[in-house]
Structures are given as C-alpha cells and as structure tokens.
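Trainee: So that we are looking at the same thing, I have put the structure below in structure tokens.
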Amino acid sequence: MTIAFTFPGQGSQSVGMGKILADTYPQARAVFDEVDEALGQKLSDVMWNGPEDMLTLTANAQPALMAVSLATMRVLESKGLDLKASVSYVAGHSLGEYSALAAAGGLDVATAARLLRVRGDAMQNAVPVGQGAMAALLGLDFDVAVEVAQAAAQGEVCQAANDNAPGQVVVSGHLAAVERAVEIAKAKGARRAVMLPVSAPFHCSLMAPAAEKMAAALGNAEISAPAVPLIANVVAGPVMDPDEIRDRLVEQVTGTVRWRESITWLADNGVDTFVEIGTGKVLTGMVKRIAKEAVGLAVNTPEDIDALMEKISG
C-alpha cells in the first residue's frame, strides 16, 4: 500500500466543521486555539456556529479548512502516525497546498493560518465585486475547455483555472468572458456549463495583485523542506526545496490548479491509496474519476481516524 494524503480546497467548508474533533481530542482543540490566536479572531466560533455567509468569506474559509486538516493530522500523530514512514506524498487542492505543506512539517500552523488570511484577503480584493466570475464546464476534456476559454476571451481574461477531473474543468476571468465561455461550451457539447457562486475569479491573471501580495508574505515566511514530497498544483509534480515551494505557491494564485494531472502523476508513481484529510469528500470523489484502480478514503470523524490507523498499522 502506497499512500498519498490530500487536503481539500475552498468549497468544502460547512458550519460545524471540526467541532466533533475539538470536543473529542485535546490535540485537535489545541490546533483550533492556535489558529484563533494567530489570527486574533475566534475563527473556531464562526466554524462551529456560523453564520454560513461569514464562514464562506474567502478570508475565513481558507484558514478554517486548513485548521480542520491540521487538527486531524495532530490526532493521527497522537495515535502513532509517522508521516514519513507511512505516507509517500502530500498534495492539496489550491489553498489545500498550504495544509499539505504544514502537515508535512514545512510550515507551522500559526504561519499557515496567517498566510491563508493574507491570501484570502488578497484574492478577494484583487478584483472589484461583480467584475469577475467562474464557471464549471462539465463533460469537456481539458484541451477543449482551454479552446473554449480562448475563444470566449475576446480581449478580456478567460482561463482554465481548475482541471479537476476528466470532464470537469472550471474557467475563470472577466464576467462577460466567462458568460461567453458557458455559451460556447454548450455549443461544443458540454453536458452542463454553469456559473459558480464564487466571490472572485480565482486562478487567472486577474489575480496578479494577489500574487504580488503573496510573494511578499511568503518571502517573509519560514518554510522548511517537507518530510515527504509536496505535489505542487502548478507543475503537477513533486517539490521539496523551500525556495521552489515559495515560487510555486506564488504562481498558483494566477495559475491553473492541475489536479487531474497531479493525481495521475501520483497513480503513475505507485500511489494506490488516496486519503483526504479534513472536511468533506470532494477530492475523494475526484480520485475515483481520475485513478479508477486506486482506493479513496475521506478522514474527518473519530471513526474515520481509527479506521485509517488500523489500515496503516494492519
């Protein structure tokens, strides 16, 4: 059994996330306290009690998702998990790359929380509300989706932002260009093409101001080599060097999340078990579509944690 740990991105958040972990394990509670302290905000209260629109704010959702992933990791470690001995790679979807890096010892929890708060604010503020948009193009291959985005741009920005799974590509850019992409995609035979309820056009060149802010923040952050290789979103391959990790995290703000290729690379390099650490099961669903022979597990309850430890030690 060759294992990769994966870490979810924005959209997986839900009110109540992490509460059962905090109530059950002091190690998990300590992570949430650490994140609250690092941000100078009772983010855990928003996570557990809402309101949902407050949790959904990019600046809150990003550190919140990381907090649940790292709380889960701390519990696993308290039960005897040795990441380096049991796990071959870590990977995260968009903001999940920060969770993956922290899980592998490349960032401490407080630094990860502060970086994600900067990232969330910077991405939210990069484009005035209403000027940008994102849309999911379902049933088109990535190459066709890229052609659709290029045809829709017409002097504006429209890019393939997320290559999530076969037939599941998200485009991002100026509102009018993304609306054109939806119509072009339908004409090209997309099964569905729908605008997404997001607050900003992530992972496209309109995020350049946010990339500049992240370059400054990451330049001042202490990053260590992770215990196991990190699969970077923008190259869909492993990185270990802290300076390269910084560069890839900056590029990721405006670049495509190459998730389909990342999972394919892992499967081609021997990974047969993908374990999603944190909230929800979005990535586990994607793995089933990308690497059909692989086993996908989502770990976000005490029962899931015990089952994983039994599987690893068994």
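Residues are referred to by chain and number: the chain letter is A, B, ... according to the order shown in the structure tokens, the number counts from 1 in that chain, and ligands are numbered separately from 1 in the order shown.
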For region 131-142 of chain A, work out the shell of residues within 10 Å, counting only C-alpha atoms and skipping chain neighbours fewer than 4 positions away, then give it as a ChimeraX atom specification.

Mentor: /A:126-127,146-148,157-179,181-182,185-186,188-204,206,260

Trainee: What's the 12 Å shell around Ile312 (chain A), counting only C-alpha atoms, without same-chain residues fewer than 2 positions away, as a compact mmCIF listing (two decimals) with C-alpha atoms, in the first residue's frame?

Mentor:
```txt
# COMPACT_ATOMS: atom_id res chain seq x y z
CA MET A 1 0.00 0.00 0.00
CA THR A 2 1.46 3.33 -1.11
CA ILE A 3 -0.36 6.31 0.40
CA LEU A 76 -3.47 10.93 13.81
CA LYS A 79 -2.35 7.83 17.74
CA GLY A 80 1.07 6.91 16.37
CA LEU A 81 1.07 8.11 12.76
CA ASP A 82 4.61 8.70 11.47
CA LEU A 83 4.01 10.62 8.26
CA ALA A 85 7.18 6.20 7.48
CA SER A 86 3.58 5.72 6.27
CA VAL A 87 2.91 8.35 3.59
CA THR A 273 -4.42 4.79 -1.72
CA VAL A 275 -6.53 9.70 1.92
CA ILE A 305 -9.33 8.30 12.14
CA ASP A 306 -9.45 4.94 13.93
CA ALA A 307 -10.17 3.10 10.67
CA LEU A 308 -7.21 4.76 8.94
CA MET A 309 -4.82 3.97 11.79
CA GLU A 310 -5.98 0.34 11.71
CA GLY A 314 -2.58 -3.53 9.88
```

Trainee: For Pro51 (chain A), which residue out of A:Gly16, A:Pro26, A:Pro229, A:Gly9 is the nearest one, using only C-alpha atoms?

Mentor: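 Using only C-alpha atoms, Pro51 (chain A) sits closest to A:Gly16.
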
Trainee: Any chance you could list, as a PyMOL selection string, the residues in region 56-152 of chain A that come up helix (DSSP H, G or I) when DSSP is run on the backbone?

Mentor: chain A and resi 56+58-78+83-86+96-103+109-125+142-152

Trainee: Identify, on the basis of only C-alpha atoms, every residue whose closest approach to region 30-47 of chain A does not exceed 6 Å; exclude the query and any residue fewer than 3 positions from it along the same chain; express the result as a ChimeraX atom specification.

Mentor: /A:15-16,27,50,71,110

Trainee: State, in Å with one decimal place, the distance from CA of Val287 (chain A) to CA of Trp265 (chain A).

Mentor: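 Separation between CA of Val287 (chain A) and CA of Trp265 (chain A): 11.9 Å.
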
Trainee: Any chance you could tabulate, as CSV, the residues of region 91-175 of chain A at most 6 Å from region 208-223 of chain A with each one's nearest atom pair and distance in Å to one decimal, using only C-alpha atoms, in chain and rising number order?

Mentor:
```
residue,atom,partner,partner_atom,distance
A:Gly106,CA,A:Ile223,CA,5.4
A:Leu107,CA,A:Ile223,CA,5.5
A:Ala122,CA,A:Ala210,CA,4.7
A:Met123,CA,A:Ala210,CA,5.3
A:Ala126,CA,A:Pro209,CA,5.7
```

Trainee: One number please: CA of Val118 (chain A) to CA of Leu95 (chain A), in Å, one decimal.

Mentor: 11.7 Å
